[in-house]
Amino acid sequence: MKISLKNLEKGLLALSCCSLFLFYSCGTSKKVKTSTAETKSVIVDRPQVAKEFRAAWVASVANINWPSKSGLSTAEQQKEAIFLLDFLKKNNFNAVIFQVRPQADAFYKSNLEPWSVFLSGKQGQAPNPYYDPLQFWIEAAHDRGLELHVWLNPYRAHHTSGKVISDQSIVKKRPDMVLKLKDGQYWMDPSNKATQDHASAVVKDIVKRYDIDGVHFDDYFYPYESYNGGADFPDEVSWAAYLKSGGKLGRGDWRRQSVNQFIERVYKEIKAEKKYVKFGLSPFGVWKPGYPASIEGLDQYNKLYADAKLWLNKGWIDYFMPQLYWSINNAPQSFPVLLGWWASENTMNRHLWPGMNVGLGGDDKNVDEIVNQIMITRGMLPNSPGAAHWSIAGLTKHEKLIKGIAEGPYKKHALVPASSWLDDKAPAAPDVRTELKQGQWKLSWNGVEAKDVFRWVVYAQYGNNWSYVILNRNDRYLIKSALEGGAKLNKVAVTAVDRTGNESLFREVVLAK
C-alpha cells in the first residue's frame, strides 16, 4: 500500500523549510515528546537522509571499462563486474550507467541484435559458460543498493574497434538503414523510419524484459564531422526522398526533427511499459556557442543536429546530464556557467545532474576540481543534486581522487532524489521490532510489500544526535550498540524507499529506559 505524498504536504511545511540545511547533516534534533506507546508517527523535527544522484559510466565499446578485454571467461567477466560494483558501493555511489548496446549489438540475450563482439571477441557468440551479462549486472547492482541504467547508442552500427563486420551485423542484414563514414565506422540514418523503428524496438525489448532503473543515451546523434573526414553526413538518398514527398523543411531542420521525434517517442514508449523507469540523456555540454554569451565551442545544434534544449524544455527526459567536462575557471566552457544556463532551461523541473570528467588525473589539482564541481552542483541545484562521472576508470585508477570524493562530499550515504512526476506515492512504513541482548539492540522490520521497496533507511539517535544508514532491499535487520561514544541509544526508526525515491512515513521507536 502506498500513501500520496501530496496529502502529507500541509503537515510537512515545517520540515520543508529546513530541508536544505538538513541535507548536509543529520545534525542535532530536538527531543520529540512521545506518548507511552513505543511507536509514534512523527512528521516534524525528524532527521533527513541525504539525497543526491551519484553515478559512474561503465563503457563496453572497445573494452574501455568492462570487460577489460574480449574473450575473458564467464568467471573472469563476473569477477571484474563485481569488483566495479563493490567499488561503487564502498565509496557511497548509488547508481551505475552500464553500456549494453555499443554498436547495434547486445550485452544481453536479444532476438533483435547479435551478442557483442566486445564480450567474446566474435560477434554473435554467447558467453561460455552461458550467462546473461545484463541480468547479472542488474541483480548484483541491486543487491548493493545501486540503480542500474542501461546505456545504448541509438544510431552507431559499427565501431572501428569492432574489427570484422560479421554476417549478423546490422551493416549486412539491413544495408538500407546504414551509411559508411570515412573513418571506417558505420552509422544508421536517423531520418530513416526503419532506423527509428528498430532502435525503438530495442529499447522497448529491454524495458519489458529486464528490471532496470533507467534508459540512457549519450551525445551520439548525427556523428561528429571528424568521423566523416569533415564532410557532411551522407544521407542524400533519404533527403531526396523527403523532398520528393513534398517536405518543406531545410536539411538541418529535417535532421533535427527526425531526432526530436525519436526522443519523444522513446520517452513515451518507456512510460507506457514501465512508468518508473527513468529516461536520461547526456548530450554534449554546449547547446550553441553564445548560450550563454561567454561560451564557445562545438555547435551541437547545427553539427550533431541535437536540439538538447528542446528535449529539456519539453520534459521528454527524467534526468538531463550535459557532459560538462571542462574546469570551473575555463572561461570559454566554464562548468558553473554552463550548468547555470542549463538550469535556466529546465522549465519542467526534471533532474539536472551534470557529467563530470574524472579522467584527467589524480593529482591535487584534479581532486580539488571534481570536489569543487560536486559542491557547486549542490549549491546551484539544492533540490535535486547529483552527478555522473566519466568514466569509472578515472575513479578506480586514481586513489587520491576517489579518496578525496569518498572522504569529502560522498562521505555519507545518499538516496537517489525522488522523481515525483513519475510517482508521488510513498510506500507503507514498516513494522519495527526491537530486542536488547548483551548490550546490543537488534532492530528488525517487515510489513511492506517487496515490490514497494528498493532500499531501507535506519535512523538511530544516540543522546540527542541522529545518524542513519541506508540498507538494501533484502535486508531485514540491523544490530546497533546500546552505547556509542558514551551516549545511549534512545530512539530508532526505519523507513522504506521505493523505486522512484519516495520515502515512507517516519515512525519513531522509543527504546526502553
# chains A, B, ... in the order shown; residues from 1 in each chain; ligands from 1

$ closest_atom_pairs --of "region 362-440 of chain A" --to "region 141-156 of chain A" --cutoff "12 Å" --atoms "only C-alpha atoms" --output "JSON lines"
{"residue": "A:Ala388", "atom": "CA", "partner": "A:His149", "partner_atom": "CA", "distance": 11.6}
{"residue": "A:His413", "atom": "CA", "partner": "A:Gly145", "partner_atom": "CA", "distance": 10.6}
{"residue": "A:Ala414", "atom": "CA", "partner": "A:Gly145", "partner_atom": "CA", "distance": 10.5}
{"residue": "A:Leu415", "atom": "CA", "partner": "A:Gly145", "partner_atom": "CA", "distance": 9.4}
{"residue": "A:Val416", "atom": "CA", "partner": "A:Glu147", "partner_atom": "CA", "distance": 8.6}
{"residue": "A:Pro417", "atom": "CA", "partner": "A:Glu147", "partner_atom": "CA", "distance": 11.9}

$ residues_around --residues "Gly340 (chain A)" --least-positions-apart "2" --cutoff "12 Å" --atoms "only C-alpha atoms" --output "mmCIF file with N, CA and C atoms, in the first residue's frame"
data_model
loop_
_atom_site.group_PDB
_atom_site.id
_atom_site.type_symbol
_atom_site.label_atom_id
_atom_site.label_comp_id
_atom_site.auth_asym_id
_atom_site.auth_seq_id
_atom_site.Cartn_x
_atom_site.Cartn_y
_atom_site.Cartn_z
ATOM 1 N N GLY A 285 27.979 19.175 -23.869
ATOM 2 C CA GLY A 285 27.689 20.181 -22.853
ATOM 3 C C GLY A 285 27.313 21.555 -23.348
ATOM 4 N N TYR A 291 25.557 30.693 -25.898
ATOM 5 C CA TYR A 291 24.471 30.378 -24.961
ATOM 6 C C TYR A 291 25.062 29.708 -23.725
ATOM 7 N N PRO A 292 25.330 30.511 -22.684
ATOM 8 C CA PRO A 292 25.232 31.971 -22.585
ATOM 9 C C PRO A 292 26.391 32.671 -23.304
ATOM 10 N N PRO A 322 24.128 16.939 -19.097
ATOM 11 C CA PRO A 322 25.059 17.512 -20.073
ATOM 12 C C PRO A 322 26.502 17.188 -19.700
ATOM 13 N N LEU A 324 29.598 18.188 -19.011
ATOM 14 C CA LEU A 324 30.342 19.412 -18.669
ATOM 15 C C LEU A 324 31.752 19.012 -18.253
ATOM 16 N N GLN A 333 34.269 27.494 -21.718
ATOM 17 C CA GLN A 333 33.321 26.416 -21.409
ATOM 18 C C GLN A 333 33.303 26.193 -19.893
ATOM 19 N N SER A 334 33.027 27.233 -19.141
ATOM 20 C CA SER A 334 33.084 27.155 -17.685
ATOM 21 C C SER A 334 32.002 26.235 -17.129
ATOM 22 N N PHE A 335 32.399 25.329 -16.240
ATOM 23 C CA PHE A 335 31.462 24.368 -15.652
ATOM 24 C C PHE A 335 30.264 25.064 -14.999
ATOM 25 N N PRO A 336 30.453 26.001 -14.060
ATOM 26 C CA PRO A 336 29.272 26.591 -13.417
ATOM 27 C C PRO A 336 28.468 27.497 -14.338
ATOM 28 N N VAL A 337 29.112 28.136 -15.297
ATOM 29 C CA VAL A 337 28.378 28.995 -16.228
ATOM 30 C C VAL A 337 27.444 28.153 -17.093
ATOM 31 N N LEU A 338 27.971 27.056 -17.618
ATOM 32 C CA LEU A 338 27.126 26.174 -18.424
ATOM 33 C C LEU A 338 26.035 25.515 -17.589
ATOM 34 N N TRP A 342 21.977 25.731 -18.340
ATOM 35 C CA TRP A 342 21.092 24.571 -18.490
ATOM 36 C C TRP A 342 19.998 24.587 -17.421
ATOM 37 N N ALA A 343 20.341 25.010 -16.204
ATOM 38 C CA ALA A 343 19.336 25.086 -15.139
ATOM 39 C C ALA A 343 18.231 26.075 -15.505
ATOM 40 N N SER A 344 18.598 27.169 -16.165
ATOM 41 C CA SER A 344 17.595 28.162 -16.560
ATOM 42 C C SER A 344 16.652 27.623 -17.629
ATOM 43 N N GLU A 345 17.080 26.585 -18.360
ATOM 44 C CA GLU A 345 16.251 25.973 -19.390
ATOM 45 C C GLU A 345 15.435 24.786 -18.872
ATOM 46 N N ASN A 346 15.627 24.444 -17.615
ATOM 47 C CA ASN A 346 14.944 23.282 -17.035
ATOM 48 C C ASN A 346 13.538 23.668 -16.573
ATOM 49 N N LEU A 352 18.581 17.585 -13.091
ATOM 50 C CA LEU A 352 19.719 18.090 -13.862
ATOM 51 C C LEU A 352 20.986 17.660 -13.128
ATOM 52 N N TRP A 353 21.602 16.603 -13.626
ATOM 53 C CA TRP A 353 22.772 16.002 -12.991
ATOM 54 C C TRP A 353 23.926 16.029 -13.988
ATOM 55 N N PRO A 354 24.841 16.966 -13.885
ATOM 56 C CA PRO A 354 25.897 17.106 -14.900
ATOM 57 C C PRO A 354 26.866 15.934 -14.934
ATOM 58 N N ILE A 376 29.646 22.776 -6.036
ATOM 59 C CA ILE A 376 28.950 23.817 -6.811
ATOM 60 C C ILE A 376 27.585 23.308 -7.268
ATOM 61 N N THR A 377 27.547 22.068 -7.715
ATOM 62 C CA THR A 377 26.276 21.488 -8.150
ATOM 63 C C THR A 377 25.279 21.444 -7.003
ATOM 64 N N GLY A 379 25.189 23.439 -4.453
ATOM 65 C CA GLY A 379 24.761 24.801 -4.146
ATOM 66 C C GLY A 379 23.804 25.368 -5.172
ATOM 67 N N MET A 380 24.028 25.056 -6.450
ATOM 68 C CA MET A 380 23.194 25.603 -7.517
ATOM 69 C C MET A 380 21.882 24.833 -7.689
ATOM 70 N N LEU A 381 21.901 23.548 -7.355
ATOM 71 C CA LEU A 381 20.725 22.693 -7.562
ATOM 72 C C LEU A 381 20.387 21.958 -6.266
#

$ closest_residue --among "A:Tyr242, A:Tyr210, A:Tyr319, A:Phe107" --to "Lys274 (chain A)" --atoms "only C-alpha atoms"
A:Tyr210

$ residues_around --residues "Ile263 (chain A)" --least-positions-apart "3" --cutoff "8 Å" --atoms "only C-alpha atoms" --output "ChimeraX atom specification"
/A:259-260,266-267,311,316

$ write_last_selection --atoms "N, CA and C atoms" --output "mmCIF file, in the first residue's frame"
data_model
loop_
_atom_site.group_PDB
_atom_site.id
_atom_site.type_symbol
_atom_site.label_atom_id
_atom_site.label_comp_id
_atom_site.auth_asym_id
_atom_site.auth_seq_id
_atom_site.Cartn_x
_atom_site.Cartn_y
_atom_site.Cartn_z
ATOM 1 N N VAL A 259 15.436 13.468 -35.104
ATOM 2 C CA VAL A 259 15.946 13.111 -33.777
ATOM 3 C C VAL A 259 14.937 13.490 -32.703
ATOM 4 N N ASN A 260 14.326 14.664 -32.827
ATOM 5 C CA ASN A 260 13.328 15.094 -31.841
ATOM 6 C C ASN A 260 12.186 14.097 -31.738
ATOM 7 N N VAL A 266 10.637 7.548 -27.768
ATOM 8 C CA VAL A 266 11.252 6.635 -26.815
ATOM 9 C C VAL A 266 10.761 6.928 -25.402
ATOM 10 N N TYR A 267 10.693 8.211 -25.052
ATOM 11 C CA TYR A 267 10.235 8.580 -23.704
ATOM 12 C C TYR A 267 8.827 8.044 -23.461
ATOM 13 N N TRP A 311 14.543 19.158 -25.777
ATOM 14 C CA TRP A 311 14.181 17.951 -25.025
ATOM 15 C C TRP A 311 14.023 18.271 -23.544
ATOM 16 N N TRP A 316 10.938 15.691 -22.088
ATOM 17 C CA TRP A 316 10.957 14.371 -22.705
ATOM 18 C C TRP A 316 12.005 13.462 -22.064
#

$ residues_around --residues "region 495-504 of chain A" --least-positions-apart "2" --cutoff "7 Å" --atoms "only C-alpha atoms" --output "list in words"
Tyr276, Val416, Pro417, Ala418, Ser419, Asp423, Asp424, Lys425, Ala426, Pro427, Ala428, Ala429, Pro430, Asp452, Val453, Phe454, Arg455, Trp456, Val457, Val458, Ala493 and Phe506 of chain A

$ write_last_selection --atoms "C-alpha atoms" --output "PDB file, in the first residue's frame"
ATOM      1  CA  TYR A 276       9.038   4.214 -13.050  1.00  0.00           C
ATOM      2  CA  VAL A 416      18.652   8.983  -5.344  1.00  0.00           C
ATOM      3  CA  PRO A 417      16.350  12.060  -5.359  1.00  0.00           C
ATOM      4  CA  ALA A 418      12.692  11.258  -5.932  1.00  0.00           C
ATOM      5  CA  SER A 419      11.019  11.710  -9.320  1.00  0.00           C
ATOM      6  CA  ASP A 423       5.181   8.567  -8.788  1.00  0.00           C
ATOM      7  CA  ASP A 424       4.499  10.552  -5.626  1.00  0.00           C
ATOM      8  CA  LYS A 425       3.027   7.767  -3.500  1.00  0.00           C
ATOM      9  CA  ALA A 426       5.196   6.660  -0.606  1.00  0.00           C
ATOM     10  CA  PRO A 427       5.348   3.024   0.479  1.00  0.00           C
ATOM     11  CA  ALA A 428       3.845   1.976   3.780  1.00  0.00           C
ATOM     12  CA  ALA A 429       6.000   2.360   6.869  1.00  0.00           C
ATOM     13  CA  PRO A 430       7.472  -0.926   8.076  1.00  0.00           C
ATOM     14  CA  ASP A 452       7.282  -1.392  -2.952  1.00  0.00           C
ATOM     15  CA  VAL A 453      10.838  -1.354  -1.567  1.00  0.00           C
ATOM     16  CA  PHE A 454      14.206  -0.652  -3.166  1.00  0.00           C
ATOM     17  CA  ARG A 455      16.104   0.498  -0.065  1.00  0.00           C
ATOM     18  CA  TRP A 456      15.671   0.944   3.679  1.00  0.00           C
ATOM     19  CA  VAL A 457      16.879   3.804   5.867  1.00  0.00           C
ATOM     20  CA  VAL A 458      17.629   3.021   9.518  1.00  0.00           C
ATOM     21  CA  ALA A 493      13.220   4.499  13.082  1.00  0.00           C
ATOM     22  CA  PHE A 506       8.970   8.339   9.698  1.00  0.00           C
TER      23      PHE A 506
END

$ residues_around --residues "Ala104 (chain A)" --least-positions-apart "2" --cutoff "10 Å" --atoms "only C-alpha atoms" --output "list in words"
Val100, Arg101, Pro102, Ala106, Leu112, Glu113, Pro114, Trp115, Ser116, Leu152, Asn153, Pro154, Tyr155, Arg156, Ala157, His158, His159, Ser169, Ile170, Val171, Trp187, Met188, His198, Ala199 and Val202 of chain A

$ select_by_dssp --residues "region 286-494 of chain A" --states "helix (DSSP H, G or I)" --output "number ranges by chain"
A: 300-303, 308-314, 331-333, 335-344, 364-380, 392-397, 399-406, 450-452

$ write_last_selection --atoms "C-alpha atoms" --output "PDB file, in the first residue's frame"
ATOM      1  CA  GLN A 300      25.742  20.534 -31.333  1.00  0.00           C
ATOM      2  CA  TYR A 301      22.515  22.094 -32.624  1.00  0.00           C
ATOM      3  CA  ASN A 302      23.974  22.594 -36.112  1.00  0.00           C
ATOM      4  CA  LYS A 303      26.668  19.878 -36.153  1.00  0.00           C
ATOM      5  CA  ALA A 308      19.019  19.123 -26.486  1.00  0.00           C
ATOM      6  CA  LYS A 309      17.500  22.334 -25.129  1.00  0.00           C
ATOM      7  CA  LEU A 310      14.154  21.395 -26.654  1.00  0.00           C
ATOM      8  CA  TRP A 311      14.181  17.951 -25.025  1.00  0.00           C
ATOM      9  CA  LEU A 312      14.821  19.547 -21.643  1.00  0.00           C
ATOM     10  CA  ASN A 313      12.206  22.278 -22.225  1.00  0.00           C
ATOM     11  CA  LYS A 314       9.594  19.699 -23.218  1.00  0.00           C
ATOM     12  CA  ALA A 331      36.059  30.727 -19.401  1.00  0.00           C
ATOM     13  CA  PRO A 332      35.030  29.508 -22.894  1.00  0.00           C
ATOM     14  CA  GLN A 333      33.321  26.416 -21.409  1.00  0.00           C
ATOM     15  CA  PHE A 335      31.462  24.368 -15.652  1.00  0.00           C
ATOM     16  CA  PRO A 336      29.272  26.591 -13.417  1.00  0.00           C
ATOM     17  CA  VAL A 337      28.378  28.995 -16.228  1.00  0.00           C
ATOM     18  CA  LEU A 338      27.126  26.174 -18.424  1.00  0.00           C
ATOM     19  CA  LEU A 339      25.378  24.455 -15.506  1.00  0.00           C
ATOM     20  CA  GLY A 340      23.589  27.681 -14.653  1.00  0.00           C
ATOM     21  CA  TRP A 341      22.421  28.122 -18.245  1.00  0.00           C
ATOM     22  CA  TRP A 342      21.092  24.571 -18.490  1.00  0.00           C
ATOM     23  CA  ALA A 343      19.336  25.086 -15.139  1.00  0.00           C
ATOM     24  CA  SER A 344      17.595  28.162 -16.560  1.00  0.00           C
ATOM     25  CA  ASP A 364      45.701  17.534  -6.012  1.00  0.00           C
ATOM     26  CA  LYS A 365      44.529  19.935  -8.712  1.00  0.00           C
ATOM     27  CA  ASN A 366      42.098  17.459 -10.256  1.00  0.00           C
ATOM     28  CA  VAL A 367      40.892  16.219  -6.878  1.00  0.00           C
ATOM     29  CA  ASP A 368      40.035  19.794  -5.935  1.00  0.00           C
ATOM     30  CA  GLU A 369      38.389  20.367  -9.314  1.00  0.00           C
ATOM     31  CA  ILE A 370      35.972  17.430  -9.038  1.00  0.00           C
ATOM     32  CA  VAL A 371      35.185  18.004  -5.354  1.00  0.00           C
ATOM     33  CA  ASN A 372      34.503  21.681  -6.097  1.00  0.00           C
ATOM     34  CA  GLN A 373      32.280  20.768  -9.059  1.00  0.00           C
ATOM     35  CA  ILE A 374      30.229  18.476  -6.801  1.00  0.00           C
ATOM     36  CA  MET A 375      29.873  21.203  -4.187  1.00  0.00           C
ATOM     37  CA  ILE A 376      28.950  23.817  -6.811  1.00  0.00           C
ATOM     38  CA  THR A 377      26.276  21.488  -8.150  1.00  0.00           C
ATOM     39  CA  ARG A 378      24.846  21.063  -4.652  1.00  0.00           C
ATOM     40  CA  GLY A 379      24.761  24.801  -4.146  1.00  0.00           C
ATOM     41  CA  MET A 380      23.194  25.603  -7.517  1.00  0.00           C
ATOM     42  CA  ILE A 392      34.704   4.608 -13.740  1.00  0.00           C
ATOM     43  CA  ALA A 393      38.328   4.026 -14.784  1.00  0.00           C
ATOM     44  CA  GLY A 394      39.274   7.506 -13.633  1.00  0.00           C
ATOM     45  CA  LEU A 395      37.954   6.639 -10.192  1.00  0.00           C
ATOM     46  CA  THR A 396      39.488   3.179  -9.872  1.00  0.00           C
ATOM     47  CA  LYS A 397      42.922   4.234 -11.163  1.00  0.00           C
ATOM     48  CA  GLU A 399      43.487   6.579  -5.396  1.00  0.00           C
ATOM     49  CA  LYS A 400      43.849  10.168  -4.287  1.00  0.00           C
ATOM     50  CA  LEU A 401      40.882  11.221  -6.396  1.00  0.00           C
ATOM     51  CA  ILE A 402      38.439   8.622  -5.081  1.00  0.00           C
ATOM     52  CA  LYS A 403      39.677   9.198  -1.546  1.00  0.00           C
ATOM     53  CA  GLY A 404      39.015  12.919  -1.894  1.00  0.00           C
ATOM     54  CA  ILE A 405      35.486  12.245  -3.146  1.00  0.00           C
ATOM     55  CA  ALA A 406      34.626   9.449  -0.707  1.00  0.00           C
ATOM     56  CA  ALA A 450       8.635  -6.373  -1.509  1.00  0.00           C
ATOM     57  CA  LYS A 451       7.639  -4.718  -4.786  1.00  0.00           C
ATOM     58  CA  ASP A 452       7.282  -1.392  -2.952  1.00  0.00           C
TER      59      ASP A 452
END

$ atom_distance --atom1 "CA of Leu436 (chain A)" --atom2 "CA of Lys491 (chain A)"
13.0 Å

$ atom_distance --atom1 "CA of Lys79 (chain A)" --atom2 "CA of Gln168 (chain A)"
28.7 Å

$ closest_residue --among "A:Ser384, A:Gln78, A:Ser226, A:Gln440" --to "Phe53 (chain A)" --atoms "only C-alpha atoms"
A:Ser384

$ select_by_dssp --residues "region 75-292 of chain A" --states "strand (DSSP E)" --output "VMD selection string"
chain A and resid 95 to 101 147 to 152 156 to 158 178 to 180 186 to 188 214 to 217 278 to 281

$ closest_residue --among "A:Glu225, A:Asp105, A:Glu508, A:Glu52" --to "Gln125 (chain A)" --atoms "only C-alpha atoms"
A:Asp105

$ closest_residue --among "A:Tyr131, A:Trp254, A:Tyr468, A:Tyr410" --to "Pro47 (chain A)" --atoms "only C-alpha atoms"
A:Tyr468

$ closest_residue --among "A:Asp167, A:Asp299, A:Glu236, A:Asp205" --to "Glu269 (chain A)" --atoms "only C-alpha atoms"
A:Asp205

$ closest_residue --among "A:Gly315, A:Lys172, A:Ala75, A:Asn63" --to "Glu264 (chain A)" --atoms "only C-alpha atoms"
A:Gly315

$ atom_distance --atom1 "CA of Gly280 (chain A)" --atom2 "CA of Ser200 (chain A)"
15.0 Å

$ residues_around --residues "Asn65 (chain A)" --least-positions-apart "5" --cutoff "10 Å" --atoms "only C-alpha atoms" --output "list in words"
Trp57, Val58, Ala59, Ser60, Glu80, Ala81, Leu84, Phe98, Gln99, Ser391, Ile392, Ala393 and Gly394 of chain A
